[in-house]
Amino acid sequence: MAFKLSNPPYDTNNVPVYNVPMEDDVMGKANNNGTIVINKDIKDTKQIDDVINHEMVHIKQMKRGDLDYDDNNVYWKGKTYPRENLNEHNEKLPWEVEAYKESDKILKGVE
């Protein structure tokens, strides 16, 4: 008979994080394969943690089915946003609003 632990006593966050070359204005990216990439030129550990926290929100959004993307579009809660017309650095995009809000809570120690 199988035994299932409802709340394991260990960290279940197993999202792989890779340091890769990226454009200067890009800090990190959550991939829809469940990984996070971070700009290899970031050396400040606090900034690295901030980027990971922000991108983890996007990973959670994708796991929930709220966020997805391909080469041409970003999909948020059933709505399509063509990438050709999109400033993906805009903090007012709906998926970014949530990511900044949640990552700010983590920074402030508020859960």
# chains A, B, ... in the order shown; residues from 1 in each chain; ligands from 1
>>> select_by_dssp(residues="chain A", states="alpha helix (DSSP H)", output="ChimeraX atom specification")
/A:45-64,94-108
>>> residues_around(residues="A:Trp76", least_positions_apart="6", cutoff="7 Å", atoms="only C-alpha atoms", output="ChimeraX atom specification")
/A:66-68
>>> residues_around(residues="A:Ala30", least_positions_apart="6", cutoff="7 Å", atoms="only C-alpha atoms", output="short mmCIF file (atom, residue, chain, number, x, y, z; two decimals) with N, CA, C and O atoms, in the first residue's frame")
data_model
loop_
_atom_site.label_atom_id
_atom_site.label_comp_id
_atom_site.auth_asym_id
_atom_site.auth_seq_id
_atom_site.Cartn_x
_atom_site.Cartn_y
_atom_site.Cartn_z
N ILE A 36 13.86 28.21 -15.13
CA ILE A 36 14.12 29.66 -15.07
C ILE A 36 15.54 29.88 -15.57
O ILE A 36 16.46 29.14 -15.20
N VAL A 37 15.71 30.90 -16.40
CA VAL A 37 17.05 31.32 -16.82
C VAL A 37 17.29 32.72 -16.29
O VAL A 37 16.37 33.55 -16.26
N GLU A 55 10.37 35.40 -11.24
CA GLU A 55 10.14 34.39 -12.28
C GLU A 55 9.38 33.19 -11.73
O GLU A 55 8.62 32.54 -12.45
N HIS A 58 5.79 33.60 -12.30
CA HIS A 58 5.40 33.23 -13.66
C HIS A 58 5.31 31.71 -13.82
O HIS A 58 4.40 31.20 -14.49
N ILE A 59 6.21 30.97 -13.19
CA ILE A 59 6.14 29.50 -13.23
C ILE A 59 4.81 29.05 -12.62
O ILE A 59 4.11 28.19 -13.19
#
>>> atom_distance(atom1="atom CA of A:Thr45", atom2="atom CA of A:Asn31")
21.3 Å
>>> atom_distance(atom1="atom CA of A:Met62", atom2="atom CA of A:Asp44")
27.2 Å
>>> select_by_dssp(residues="chain A", states="strand (DSSP E)", output="ChimeraX atom specification")
/A:17-20,28-30,36-39,67-69,73-76,79-82
>>> closest_residue(among="A:Val51, A:Met56, A:Asn13, A:Gln61", to="A:Val26", atoms="only C-alpha atoms")
A:Val51
>>> atom_distance(atom1="atom CA of A:Leu86", atom2="atom CA of A:Met27")
17.7 Å
